[in-house]
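This is final-v9.tsv (TSV, C-alpha atoms).
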```tsv
chain	number	residue	atom	x	y	z
A	1	MET	CA	-3.42	-262.63	-92.89
A	2	LEU	CA	-1.76	-259.94	-95.01
A	3	ASP	CA	1.59	-261.70	-94.71
A	4	LEU	CA	-0.04	-264.93	-95.88
A	5	ILE	CA	-1.55	-263.17	-98.92
A	6	ASP	CA	1.84	-261.70	-99.84
A	7	ALA	CA	3.49	-265.10	-99.45
A	8	LEU	CA	0.87	-266.69	-101.69
A	9	THR	CA	1.38	-263.96	-104.28
A	10	ILE	CA	5.02	-264.95	-104.86
A	11	ALA	CA	4.68	-268.66	-104.06
A	12	GLY	CA	5.06	-270.27	-107.49
A	13	GLN	CA	4.21	-273.69	-106.03
A	14	VAL	CA	2.28	-274.55	-102.87
A	15	ASN	CA	2.21	-278.10	-101.53
A	16	SER	CA	0.34	-277.22	-98.33
A	17	PRO	CA	-0.70	-274.03	-96.48
A	18	VAL	CA	1.95	-274.49	-93.78
A	19	ALA	CA	4.69	-274.64	-96.45
A	20	VAL	CA	3.93	-271.00	-97.29
A	21	SER	CA	5.48	-270.03	-93.93
A	22	GLU	CA	8.92	-270.57	-95.52
A	23	SER	CA	8.37	-267.58	-97.78
A	24	PRO	CA	10.60	-264.55	-97.12
A	25	LEU	CA	7.46	-262.38	-96.93
A	26	PHE	CA	5.91	-264.42	-94.11
A	27	ARG	CA	7.40	-262.98	-90.92
A	28	ARG	CA	5.63	-265.21	-88.40
A	29	LYS	CA	5.91	-268.81	-87.21
A	30	PHE	CA	4.39	-271.68	-89.13
A	31	SER	CA	1.74	-272.17	-86.43
A	32	SER	CA	0.24	-268.79	-87.39
A	33	ILE	CA	-0.97	-270.39	-90.63
A	34	TYR	CA	-3.36	-272.60	-88.68
A	35	ASP	CA	-4.48	-269.68	-86.49
A	36	VAL	CA	-5.32	-267.57	-89.54
A	37	LEU	CA	-7.28	-270.31	-91.30
A	38	LEU	CA	-9.24	-271.30	-88.19
A	39	GLU	CA	-9.75	-267.98	-86.38
A	40	GLY	CA	-9.10	-265.29	-89.00
A	41	GLU	CA	-12.09	-263.25	-90.17
A	42	ILE	CA	-12.94	-262.07	-93.68
A	43	GLU	CA	-15.94	-259.78	-94.16
A	44	VAL	CA	-17.08	-261.56	-97.32
A	45	GLU	CA	-20.03	-259.32	-98.22
A	46	GLN	CA	-17.96	-256.16	-97.86
A	47	LEU	CA	-15.15	-257.80	-99.80
A	48	ARG	CA	-17.51	-258.60	-102.70
A	49	ASP	CA	-18.62	-254.97	-102.82
A	50	LEU	CA	-14.98	-253.85	-102.80
A	51	LEU	CA	-13.93	-256.19	-105.61
A	52	VAL	CA	-16.77	-255.01	-107.86
A	53	ALA	CA	-15.84	-251.38	-107.19
A	54	CYS	CA	-12.10	-251.96	-107.75
A	55	GLN	CA	-12.23	-253.68	-111.14
A	56	PRO	CA	-9.27	-252.64	-113.30
A	57	ALA	CA	-10.01	-249.40	-115.12
A	58	GLY	CA	-8.66	-250.76	-118.40
A	59	SER	CA	-10.89	-253.84	-118.47
A	60	GLU	CA	-12.02	-254.42	-122.04
A	61	MET	CA	-15.60	-254.51	-123.26
A	62	ILE	CA	-17.20	-255.98	-126.36
A	63	ALA	CA	-19.99	-254.06	-128.13
A	64	GLY	CA	-20.43	-251.91	-125.03
A	65	TYR	CA	-20.96	-254.88	-122.69
A	66	GLU	CA	-18.87	-256.03	-119.75
A	67	VAL	CA	-18.20	-259.75	-120.14
A	68	TYR	CA	-18.29	-262.15	-117.20
A	69	ALA	CA	-17.95	-265.91	-116.81
A	70	VAL	CA	-19.53	-268.37	-114.37
A	71	ASP	CA	-18.10	-271.84	-113.82
A	72	ALA	CA	-17.54	-274.46	-111.12
A	73	THR	CA	-14.34	-276.31	-110.26
A	74	PRO	CA	-13.98	-279.40	-108.02
A	75	ASN	CA	-11.82	-279.95	-104.95
A	76	GLU	CA	-11.38	-283.70	-104.72
A	77	ARG	CA	-11.20	-285.14	-101.17
A	78	MET	CA	-11.48	-288.90	-101.60
A	79	ALA	CA	-10.10	-290.04	-98.23
A	80	ALA	CA	-11.40	-287.19	-96.02
A	81	GLU	CA	-13.96	-289.15	-93.98
A	82	THR	CA	-14.05	-286.43	-91.29
A	83	LEU	CA	-14.84	-283.67	-93.80
A	84	PRO	CA	-18.57	-282.83	-93.75
A	85	ASP	CA	-20.88	-282.36	-96.72
A	86	ARG	CA	-18.85	-284.27	-99.28
A	87	GLY	CA	-20.65	-285.19	-102.47
A	88	ALA	CA	-20.05	-287.15	-105.64
A	89	LEU	CA	-18.25	-285.02	-108.23
A	90	LYS	CA	-19.36	-285.03	-111.84
A	91	ALA	CA	-17.21	-287.23	-114.05
A	92	GLN	CA	-17.25	-288.82	-117.48
A	93	GLN	CA	-19.17	-292.04	-117.91
A	94	LYS	CA	-16.10	-294.34	-117.79
A	95	ASP	CA	-14.17	-292.37	-115.16
A	96	PRO	CA	-14.02	-293.64	-111.55
A	97	VAL	CA	-16.30	-292.00	-109.00
A	98	ARG	CA	-14.73	-289.06	-107.12
A	99	TYR	CA	-15.85	-287.37	-103.89
A	100	GLY	CA	-15.27	-283.89	-102.57
A	101	HIS	CA	-16.53	-280.31	-102.82
A	102	LYS	CA	-17.25	-277.95	-105.71
A	103	TYR	CA	-16.86	-274.18	-105.80
A	104	SER	CA	-18.75	-271.78	-108.04
A	105	TRP	CA	-16.73	-268.84	-109.41
A	106	LEU	CA	-17.86	-265.55	-110.94
A	107	VAL	CA	-15.14	-263.55	-112.74
A	108	ARG	CA	-14.86	-260.46	-114.92
A	109	LEU	CA	-12.93	-261.01	-118.15
A	110	VAL	CA	-10.26	-258.32	-118.29
A	111	GLU	CA	-8.07	-258.44	-121.39
A	112	THR	CA	-8.68	-260.26	-124.66
A	113	GLY	CA	-5.88	-262.45	-125.92
A	114	THR	CA	-4.66	-263.09	-122.37
A	115	SER	CA	-5.75	-265.22	-119.43
A	116	TRP	CA	-6.29	-262.27	-117.07
A	117	VAL	CA	-9.60	-262.21	-115.20
A	118	ALA	CA	-10.87	-260.44	-112.08
A	119	PRO	CA	-12.46	-262.93	-109.62
A	120	LEU	CA	-15.47	-261.34	-107.94
A	121	ASP	CA	-17.02	-264.20	-106.00
A	122	VAL	CA	-16.34	-267.80	-104.98
A	123	GLN	CA	-18.75	-269.96	-103.00
A	124	ARG	CA	-18.85	-273.61	-102.06
A	125	ILE	CA	-21.71	-275.56	-103.64
A	126	SER	CA	-23.33	-277.50	-100.83
A	127	THR	CA	-24.93	-280.87	-101.41
A	128	LYS	CA	-28.33	-279.21	-100.87
A	129	ASN	CA	-27.68	-276.80	-103.73
A	130	THR	CA	-26.69	-277.07	-107.40
A	131	ASP	CA	-24.23	-275.35	-109.72
A	132	THR	CA	-26.98	-273.54	-111.58
A	133	LYS	CA	-28.95	-272.34	-108.55
A	134	LEU	CA	-25.85	-270.94	-106.86
A	135	GLY	CA	-24.66	-269.43	-110.15
A	136	ALA	CA	-28.02	-267.68	-110.49
A	137	GLU	CA	-27.66	-266.25	-106.98
A	138	GLN	CA	-24.19	-264.93	-107.83
A	139	VAL	CA	-25.51	-263.28	-111.01
A	140	GLN	CA	-28.36	-261.63	-109.11
A	141	ALA	CA	-25.95	-260.28	-106.50
A	142	LEU	CA	-23.71	-258.91	-109.26
A	143	ALA	CA	-26.67	-257.21	-110.94
A	144	ARG	CA	-27.49	-255.43	-107.67
A	145	ARG	CA	-23.89	-254.26	-107.21
A	146	ASN	CA	-23.18	-253.30	-110.82
A	147	PRO	CA	-25.94	-251.70	-112.96
A	148	CYS	CA	-23.81	-251.56	-116.15
A	149	ARG	CA	-24.68	-253.58	-119.23
A	150	LYS	CA	-23.09	-257.00	-118.98
A	151	VAL	CA	-23.07	-260.47	-120.49
A	152	ILE	CA	-22.72	-263.64	-118.40
A	153	THR	CA	-21.13	-266.53	-120.31
A	154	ALA	CA	-21.42	-270.12	-119.10
A	155	ASP	CA	-20.97	-273.69	-120.31
A	156	SER	CA	-23.75	-276.17	-121.14
A	157	ARG	CA	-24.13	-277.14	-117.47
A	158	HIS	CA	-25.94	-273.80	-116.92
A	159	ARG	CA	-28.52	-274.16	-119.66
A	160	ASP	CA	-31.37	-275.14	-117.30
A	161	ARG	CA	-34.33	-273.09	-116.07
A	162	HIS	CA	-32.81	-272.34	-112.66
A	163	PHE	CA	-29.91	-270.36	-114.16
A	164	LEU	CA	-31.51	-268.94	-117.31
A	165	GLY	CA	-34.77	-268.12	-115.53
A	166	THR	CA	-33.08	-265.39	-113.50
A	167	PHE	CA	-32.32	-263.39	-116.67
A	168	ALA	CA	-36.04	-262.97	-117.38
A	169	HIS	CA	-36.23	-260.55	-114.41
A	170	LEU	CA	-32.91	-258.70	-114.73
A	171	GLU	CA	-32.21	-255.49	-116.62
A	172	ASN	CA	-28.96	-254.87	-118.53
A	173	THR	CA	-27.81	-258.43	-117.72
A	174	TYR	CA	-27.91	-261.09	-120.45
A	175	ALA	CA	-26.83	-264.72	-120.77
A	176	LEU	CA	-24.72	-266.39	-123.44
A	177	VAL	CA	-24.85	-270.09	-122.62
A	178	ARG	CA	-23.65	-273.14	-124.51
A	179	LEU	CA	-26.18	-275.79	-125.56
A	180	GLN	CA	-25.90	-279.50	-126.11
A	181	ASN	CA	-25.79	-280.70	-129.70
A	182	ASN	CA	-29.13	-282.54	-129.35
A	183	GLN	CA	-30.95	-279.72	-127.53
A	184	LYS	CA	-34.64	-279.23	-128.31
A	185	LEU	CA	-36.32	-275.82	-128.16
A	186	SER	CA	-39.65	-274.39	-129.33
A	187	GLN	CA	-40.55	-271.76	-131.88
A	188	VAL	CA	-43.16	-269.01	-131.58
A	189	PRO	CA	-46.61	-270.65	-131.30
A	190	VAL	CA	-49.35	-270.07	-133.86
A	191	PRO	CA	-52.10	-267.89	-132.33
A	192	LYS	CA	-55.33	-269.69	-131.50
A	193	PRO	CA	-58.39	-268.88	-133.62
A	194	LYS	CA	-60.64	-266.17	-132.30
A	195	GLY	CA	-63.46	-267.42	-130.17
A	196	SER	CA	-61.74	-270.68	-129.25
A	197	ARG	CA	-61.59	-271.66	-125.60
A	198	GLY	CA	-58.60	-272.31	-123.44
A	199	ALA	CA	-55.37	-270.55	-122.60
A	200	PRO	CA	-53.18	-269.23	-125.43
A	201	ARG	CA	-50.52	-271.56	-126.73
A	202	LYS	CA	-47.06	-271.29	-125.18
A	203	HIS	CA	-45.05	-273.52	-127.53
A	204	GLY	CA	-44.83	-273.77	-131.29
A	205	VAL	CA	-43.13	-276.27	-133.57
A	206	ASP	CA	-40.13	-278.08	-132.08
A	207	PHE	CA	-36.68	-276.75	-132.98
A	208	GLN	CA	-34.23	-279.67	-132.79
A	209	LEU	CA	-30.57	-278.74	-133.18
A	210	SER	CA	-29.76	-282.10	-134.76
A	211	ALA	CA	-32.44	-281.50	-137.46
A	212	ILE	CA	-32.99	-277.76	-137.97
A	213	PRO	CA	-36.44	-277.18	-139.49
A	214	ARG	CA	-35.84	-273.77	-141.14
A	215	PRO	CA	-33.06	-271.65	-142.66
A	216	PRO	CA	-31.22	-269.17	-140.40
A	217	ASP	CA	-32.48	-265.66	-139.84
A	218	ALA	CA	-28.95	-264.25	-140.05
A	219	SER	CA	-25.52	-265.50	-141.08
A	220	GLU	CA	-22.02	-264.03	-140.97
A	221	GLU	CA	-18.50	-265.15	-141.89
A	222	PHE	CA	-15.37	-263.50	-140.55
A	223	TYR	CA	-11.82	-264.16	-139.43
A	224	LEU	CA	-10.62	-264.49	-135.84
A	225	GLY	CA	-6.89	-264.16	-136.30
A	226	LYS	CA	-6.06	-266.61	-139.08
A	227	GLN	CA	-9.12	-268.79	-138.44
A	228	LYS	CA	-12.23	-268.39	-140.57
A	229	VAL	CA	-15.49	-268.64	-138.63
A	230	ARG	CA	-19.12	-268.90	-139.72
A	231	VAL	CA	-21.97	-268.02	-137.36
A	232	ARG	CA	-25.65	-268.59	-138.09
A	233	ALA	CA	-28.54	-267.38	-135.93
A	234	TRP	CA	-32.20	-268.35	-135.44
A	235	ARG	CA	-34.41	-265.85	-133.60
A	236	ASP	CA	-37.44	-266.11	-131.27
A	237	LEU	CA	-36.81	-269.49	-129.65
A	238	HIS	CA	-37.39	-270.65	-126.08
A	239	PHE	CA	-37.12	-273.69	-123.83
A	240	LYS	CA	-40.28	-275.62	-123.10
A	241	ARG	CA	-39.68	-275.38	-119.36
A	242	LEU	CA	-38.94	-271.65	-119.63
A	243	ALA	CA	-41.41	-270.13	-122.05
A	244	SER	CA	-41.11	-266.67	-120.50
A	245	LEU	CA	-37.54	-266.20	-121.79
A	246	SER	CA	-37.10	-265.88	-125.53
A	247	GLY	CA	-33.73	-265.73	-127.25
A	248	SER	CA	-31.59	-266.64	-130.23
A	249	VAL	CA	-29.74	-269.84	-131.05
A	250	LEU	CA	-26.29	-269.44	-132.59
A	251	CYS	CA	-24.30	-272.05	-134.49
A	252	VAL	CA	-20.53	-271.36	-134.49
A	253	GLU	CA	-18.42	-273.30	-137.02
A	254	PHE	CA	-14.70	-273.10	-137.69
A	255	LEU	CA	-14.01	-273.53	-141.41
A	256	LYS	CA	-11.20	-274.96	-143.46
A	257	GLU	CA	-9.77	-273.20	-146.51
A	258	ASP	CA	-12.31	-274.92	-148.78
A	259	GLY	CA	-15.23	-273.73	-146.62
A	260	THR	CA	-16.04	-277.09	-144.99
A	261	PRO	CA	-16.31	-277.37	-141.19
A	262	ARG	CA	-13.02	-278.05	-139.44
A	263	TYR	CA	-14.66	-279.99	-136.61
A	264	LYS	CA	-17.41	-282.58	-136.65
A	265	ARG	CA	-19.65	-280.75	-134.19
A	266	PRO	CA	-20.25	-276.98	-134.06
A	267	ILE	CA	-20.66	-274.85	-130.94
A	268	TRP	CA	-24.32	-274.13	-130.15
A	269	LEU	CA	-25.11	-271.04	-128.05
A	270	PHE	CA	-28.25	-269.46	-126.58
A	271	TRP	CA	-28.34	-265.65	-126.41
A	272	THR	CA	-30.95	-263.80	-124.32
A	273	GLY	CA	-29.92	-260.24	-125.23
A	274	PRO	CA	-30.82	-257.74	-127.96
A	275	GLU	CA	-30.66	-258.76	-131.61
A	276	ASP	CA	-28.60	-255.71	-132.62
A	277	VAL	CA	-25.39	-257.25	-131.22
A	278	THR	CA	-23.40	-258.62	-134.16
A	279	LEU	CA	-22.78	-262.33	-134.46
A	280	GLN	CA	-19.04	-261.74	-134.51
A	281	ASP	CA	-19.16	-259.96	-131.16
A	282	LEU	CA	-21.24	-262.75	-129.62
A	283	CYS	CA	-18.75	-265.33	-130.87
A	284	ARG	CA	-15.84	-263.38	-129.38
A	285	MET	CA	-17.64	-263.08	-126.05
A	286	TYR	CA	-18.10	-266.81	-125.65
A	287	LEU	CA	-14.63	-267.78	-126.85
A	288	TRP	CA	-13.24	-265.30	-124.32
A	289	ARG	CA	-14.97	-267.35	-121.57
A	290	PHE	CA	-12.19	-269.96	-121.67
A	291	ALA	CA	-9.95	-267.54	-119.74
A	292	ILE	CA	-11.64	-268.81	-116.56
A	293	GLU	CA	-10.23	-272.27	-117.27
A	294	HIS	CA	-6.74	-270.76	-117.35
A	295	LEU	CA	-7.50	-269.11	-114.00
A	296	PHE	CA	-8.31	-272.49	-112.42
A	297	ARG	CA	-5.16	-274.05	-113.85
A	298	PHE	CA	-2.94	-271.21	-112.63
A	299	LEU	CA	-4.42	-271.16	-109.11
A	300	LYS	CA	-4.08	-274.92	-108.73
A	301	GLN	CA	-0.54	-275.12	-110.09
A	302	HIS	CA	1.01	-271.91	-108.71
A	303	MET	CA	-1.04	-270.98	-105.62
A	304	GLY	CA	-2.18	-274.35	-104.29
A	305	LEU	CA	-5.90	-273.69	-104.64
A	306	ASN	CA	-6.74	-277.26	-103.58
A	307	SER	CA	-3.76	-277.80	-101.28
A	308	ASN	CA	-5.61	-277.10	-98.02
A	309	ARG	CA	-6.53	-280.56	-96.69
A	310	SER	CA	-8.13	-279.35	-93.47
A	311	THR	CA	-11.39	-280.97	-92.33
A	312	SER	CA	-12.83	-277.58	-91.37
A	313	LEU	CA	-15.21	-276.06	-93.92
A	314	ALA	CA	-14.40	-272.56	-92.65
A	315	SER	CA	-10.69	-273.20	-93.20
A	316	THR	CA	-11.05	-274.49	-96.76
A	317	GLU	CA	-13.43	-271.69	-97.80
A	318	LYS	CA	-11.17	-269.06	-96.25
A	319	TRP	CA	-8.21	-270.51	-98.16
A	320	MET	CA	-10.11	-270.03	-101.42
A	321	TRP	CA	-10.60	-266.34	-100.64
A	322	LEU	CA	-6.93	-265.91	-99.75
A	323	CYS	CA	-6.00	-267.33	-103.16
A	324	VAL	CA	-8.44	-264.87	-104.76
A	325	LEU	CA	-6.84	-261.90	-102.98
A	326	ALA	CA	-3.32	-263.07	-103.87
A	327	TYR	CA	-4.34	-263.32	-107.53
A	328	TRP	CA	-5.85	-259.81	-107.32
A	329	GLN	CA	-2.45	-258.49	-106.20
A	330	LEU	CA	-0.90	-259.98	-109.33
A	331	LEU	CA	-3.67	-258.46	-111.44
A	332	LEU	CA	-3.21	-254.96	-110.04
A	333	MET	CA	0.60	-254.99	-110.21
A	334	ARG	CA	0.91	-256.48	-113.71
A	335	HIS	CA	1.70	-253.07	-115.29
A	336	LEU	CA	3.96	-251.94	-112.42
A	337	VAL	CA	6.46	-254.77	-111.99
A	338	GLN	CA	9.79	-254.96	-113.76
A	339	PRO	CA	9.47	-257.78	-116.36
A	340	ASN	CA	11.56	-260.83	-115.55
A	341	ARG	CA	10.78	-263.15	-118.45
A	342	PRO	CA	12.87	-266.26	-119.09
A	343	ALA	CA	15.04	-266.01	-122.18
A	344	TRP	CA	12.92	-268.55	-124.06
A	345	HIS	CA	9.60	-266.70	-123.52
A	346	ARG	CA	8.17	-264.62	-126.34
A	347	ARG	CA	8.55	-260.88	-125.84
A	348	HIS	CA	6.76	-259.42	-128.86
A	349	LYS	CA	3.47	-260.16	-130.59
A	350	ASN	CA	2.44	-258.43	-133.82
A	351	GLY	CA	5.21	-255.87	-133.31
A	352	LEU	CA	4.06	-255.00	-129.79
A	353	VAL	CA	5.42	-256.01	-126.41
A	354	HIS	CA	3.61	-259.15	-125.30
A	355	SER	CA	1.53	-258.77	-122.13
A	356	LEU	CA	2.89	-260.46	-119.03
A	357	THR	CA	1.15	-263.65	-117.98
A	358	PRO	CA	0.15	-264.27	-114.32
A	359	ALA	CA	3.12	-266.62	-113.92
A	360	GLN	CA	5.52	-264.01	-115.31
A	361	VAL	CA	4.14	-261.33	-112.98
A	362	GLN	CA	4.56	-263.76	-110.09
A	363	ARG	CA	8.27	-264.06	-110.93
A	364	SER	CA	8.65	-260.29	-110.49
A	365	ALA	CA	6.27	-259.85	-107.54
A	366	LEU	CA	8.87	-260.34	-104.76
A	367	ALA	CA	10.95	-257.30	-105.70
A	368	PHE	CA	7.82	-255.18	-106.10
A	369	LEU	CA	6.33	-256.17	-102.72
A	370	LEU	CA	9.63	-255.64	-100.92
A	371	GLN	CA	9.79	-252.12	-102.35
A	372	SER	CA	6.14	-251.21	-101.72
A	373	GLY	CA	5.99	-252.63	-98.18
A	374	THR	CA	3.00	-254.01	-96.31
A	375	PRO	CA	0.29	-252.49	-94.06
A	376	ALA	CA	0.57	-255.49	-91.69
A	377	ARG	CA	1.89	-254.81	-88.20
A	378	ASN	CA	5.36	-255.96	-87.24
A	379	THR	CA	5.68	-259.24	-85.40
A	380	ARG	CA	5.84	-259.31	-81.61
A	381	PRO	CA	7.30	-262.09	-79.46
A	382	ALA	CA	4.55	-264.16	-77.89
A	383	GLY	CA	6.64	-266.36	-75.63
A	384	LYS	CA	6.58	-270.11	-75.36
A	385	GLY	CA	3.25	-271.90	-75.43
A	386	TYR	CA	2.31	-274.31	-72.66
A	387	GLY	CA	0.86	-276.91	-75.04
A	388	ARG	CA	-1.68	-279.50	-73.99
A	389	GLN	CA	-2.26	-280.28	-70.37
A	390	LYS	CA	-0.89	-283.52	-69.04
A	391	GLY	CA	-3.30	-286.39	-69.57
A	392	PHE	CA	-5.41	-284.54	-72.17
A	393	GLN	CA	-6.90	-286.84	-74.79
A	394	PRO	CA	-8.77	-285.20	-77.69
A	395	ALA	CA	-12.08	-286.76	-78.63
A	396	PRO	CA	-12.10	-288.67	-81.92
A	397	ARG	CA	-13.40	-286.71	-84.88
A	398	SER	CA	-16.82	-287.42	-86.29
A	399	ARG	CA	-17.10	-289.39	-89.50
A	400	TYR	CA	-19.43	-288.30	-92.30
A	401	ASP	CA	-20.92	-290.32	-95.09
A	402	VAL	CA	-20.73	-289.13	-98.68
A	403	VAL	CA	-23.95	-287.35	-99.65
A	404	PHE	CA	-25.62	-288.66	-102.79
A	405	LYS	CA	-28.31	-286.43	-104.26
A	406	THR	CA	-30.10	-289.27	-106.09
A	407	LYS	CA	-30.64	-292.85	-105.03
A	408	LYS	CA	-30.48	-295.65	-107.55
A	409	THR	CA	-33.69	-297.64	-107.81
A	410	HIS	CA	-33.26	-301.39	-107.84
A	411	LYS	CA	-35.29	-303.14	-110.50
A	412	GLN	CA	-37.69	-305.77	-109.24
A	413	PRO	CA	-37.21	-309.26	-110.70
A	414	ALA	CA	-39.74	-310.16	-113.37
A	415	THR	CA	-42.58	-312.40	-112.17
A	416	ARG	CA	-44.10	-315.11	-114.23
```
Let's see the structure in the file written out as structure tokens.
Amino acid sequence: MLDLIDALTIAGQVNSPVAVSESPLFRRKFSSIYDVLLEGEIEVEQLRDLLVACQPAGSEMIAGYEVYAVDATPNERMAAETLPDRGALKAQQKDPVRYGHKYSWLVRLVETGTSWVAPLDVQRISTKNTDTKLGAEQVQALARRNPCRKVITADSRHRDRHFLGTFAHLENTYALVRLQNNQKLSQVPVPKPKGSRGAPRKHGVDFQLSAIPRPPDASEEFYLGKQKVRVRAWRDLHFKRLASLSGSVLCVEFLKEDGTPRYKRPIWLFWTGPEDVTLQDLCRMYLWRFAIEHLFRFLKQHMGLNSNRSTSLASTEKWMWLCVLAYWQLLLMRHLVQPNRPAWHRRHKNGLVHSLTPAQVQRSALAFLLQSGTPARNTRPAGKGYGRQKGFQPAPRSRYDVVFKTKKTHKQPATR
């Protein structure tokens, strides 16, 4: 397994798991790839504890908070009829329907201005679960392992009560989640008159983002690089289905030179943490979240994240963890390798040496790994296998239907 991780670290492009056996760092036969993915063991719970404890010491913080990101990425398997638990993947309204699996990722954002992150957990989202419920479980597990103050950033998919509701019971862990442009929240309710019967009111006047009823409680303008940004905030708001969690709504707008918005729609955010965090810091936290998108792109293009087409769930999930560990090797060696940038890549930024990207570290990883060695045991001859017995006929594989979470209701014809 260690040889396979080293081979993935320097791969550059992976068309299939067995193709990794051609790497100079993989010292075994190609059949060992299948053995590792089917019979290899990874102590996942212990590995999660280890990754949290081994986060890079120089990982940056904003306003004294560690910044994390939660997101899900699909693994499309349209023709895999023998792959169990396939579901319909979320797509745009006019896009064709796609089937496959989704995986929920939790990462620590490491260095601003770069795409470096530290993946801490990856789990497959079963058809009996949802992105937000599994994301909430990952956040709760992180809170138990790491008591430091932290902010979890997420896209608008995680704005529901299943994900946000977990932050009402956590200490030192806060959410910064994107909202839809037509989101409706509630303000603080007016107290009931004394002596009146009934339970106290939970909801006040509606707060519609498309028609804001009151001026902001705070506003700030600043520059992020050369881009001018304006952030406005409204305090003491909550969702009607989650009245126990109160927070702030932020409106982030990028401005032109004349002060008008650069884009038609602003970015709306919901913040569950303390009000003493500046609006500029909150804006930087959420914009930093997009580093997880660069992680997905790099893993799919350079490590073959979705290249394992096996019909075994254990094999595909194990492959995800192997890609995580290979990326961690790049993360830990990024300051130790000898830079091997192409001549056309930028070397300096603002007078300083530009940080190496994951792809640039991957170019230099072979020389570093050859020099540092490996803890894996040397290969031993195993002899020639006997193969299948004469007359053996494997049973046909089971076929599985695609799992749909909701069933369309057919309208009854109108009766006269």
Legend entry - Pairwise distance for CA of Asn182 (chain A) and CA of Leu245 (chain A), rounded to one decimal in Å: 19.9 Å
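Nearest to Asp276 (chain A) of all the residues A:Val70, A:Ala63, A:Val252, A:Leu179 is A:Ala63, based on all atoms listed in the file.
The nearest approach to Leu322 (chain A) among the residues A:Gly135, A:Gly165, A:Gly304, A:Pro56, with all atoms listed in the file taken into account, belongs to A:Gly304.
Of the residues under consideration (A:Asp6, A:Asp121, A:Asp71, A:Asp236), A:Asp121 shows the shortest atom-to-atom contact distance to Trp321 (chain A) when counting only C-alpha atoms.
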Which residues of region 262-328 of chain A come within 8 Å of region 149-158 of chain A, and what is each one's closest atom pair and distance in Å (one decimal), counting only C-alpha atoms, sorted by chain and residue number, as a tab-separated table?
```
residue	atom	partner	partner_atom	distance
A:Met285	CA	A:Thr153	CA	7.6
A:Tyr286	CA	A:Thr153	CA	6.1
A:Arg289	CA	A:Thr153	CA	6.3
```
Inset, instruction - For a cut-off of 9 Å around (-7.7, -269.3, -112.6), file coordinates, pick out all residues using all atoms listed in the file and list them as number ranges by chain. - result: A: 115-117, 119, 291-300, 327
Edge lengths and centre in Å, axis-aligned, region 131-139 of chain A plus 3 Å each side, as AutoDock Vina command-line options:
```
--center_x -26.6 --center_y -269.3 --center_z -109.2 --size_x 10.8 --size_y 18.1 --size_z 10.7
```
Inset, instruction - Using all atoms listed in the file, determine which residues lie at most 8 Å from Leu305 (chain A), disregarding the query and same-chain residues fewer than 6 positions distant; provide the list as a PyMOL selection string. - result: chain A and resi 299+319-320+323
Could you dump the residues just selected with C-alpha atoms as a compact mmCIF listing (two decimals), in the frame of the given file?
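Result file selection-v5.txt:
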```
# COMPACT_ATOMS: atom_id res chain seq x y z
CA LEU A 299 -4.42 -271.16 -109.11
CA TRP A 319 -8.21 -270.51 -98.16
CA MET A 320 -10.11 -270.03 -101.42
CA CYS A 323 -6.00 -267.33 -103.16
```
Just the residues within 8 Å of Lys102 (chain A), please, counting all atoms listed in the file, with nothing from its chain fewer than 4 positions along; format it as a PDB file with C-alpha atoms, keeping the file's coordinate frame.
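The result, stored in part-v4.pdb:
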```
ATOM      1  CA  ALA A  72     -17.540-274.460-111.120  1.00  0.00           C
ATOM      2  CA  THR A  73     -14.340-276.310-110.260  1.00  0.00           C
ATOM      3  CA  PRO A  74     -13.980-279.400-108.020  1.00  0.00           C
ATOM      4  CA  ASN A  75     -11.820-279.950-104.950  1.00  0.00           C
ATOM      5  CA  LEU A  89     -18.250-285.020-108.230  1.00  0.00           C
ATOM      6  CA  ARG A 124     -18.850-273.610-102.060  1.00  0.00           C
ATOM      7  CA  ILE A 125     -21.710-275.560-103.640  1.00  0.00           C
ATOM      8  CA  SER A 126     -23.330-277.500-100.830  1.00  0.00           C
TER       9      SER A 126
END
```
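The space separating CA of Val361 (chain A) from CA of Val337 (chain A) comes to 7.0 Å.
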Inset, instruction - Give me the residues within 9 Å of Pro216 (chain A) as a VMD selection string, counting all atoms listed in the file and dropping any in the same chain fewer than 2 places off. - result: chain A and resid 214 218 to 219 232 to 235
Given all atoms listed in the file, how would the per-residue table for region 24-44 of chain A near region 366-389 of chain A read, listing every residue at most 10 Å away with its closest atom pair and distance in Å to one decimal, sorted by chain and number, as a Markdown table?
```
| residue | atom | partner | partner_atom | distance |
| --- | --- | --- | --- | --- |
| A:Pro24 | CA | A:Leu366 | CA | 8.9 |
| A:Leu25 | CA | A:Leu370 | CA | 8.1 |
| A:Arg27 | CA | A:Thr379 | CA | 6.9 |
| A:Arg28 | CA | A:Thr379 | CA | 6.7 |
| A:Lys29 | CA | A:Thr379 | CA | 9.7 |
```
Inset, instruction - Extract, using only C-alpha atoms, all DNA, RNA and protein residues at most 10 Å from Pro261 (chain A), discarding same-chain residues fewer than 6 positions from it, and format them as a count of residues only. - result: 7
Legend entry - CA of Ile267 (chain A) to CA of Leu170 (chain A), distance in Å rounded to a single decimal: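 Going from CA of Ile267 (chain A) over to CA of Leu170 (chain A), I get 26.0 Å.
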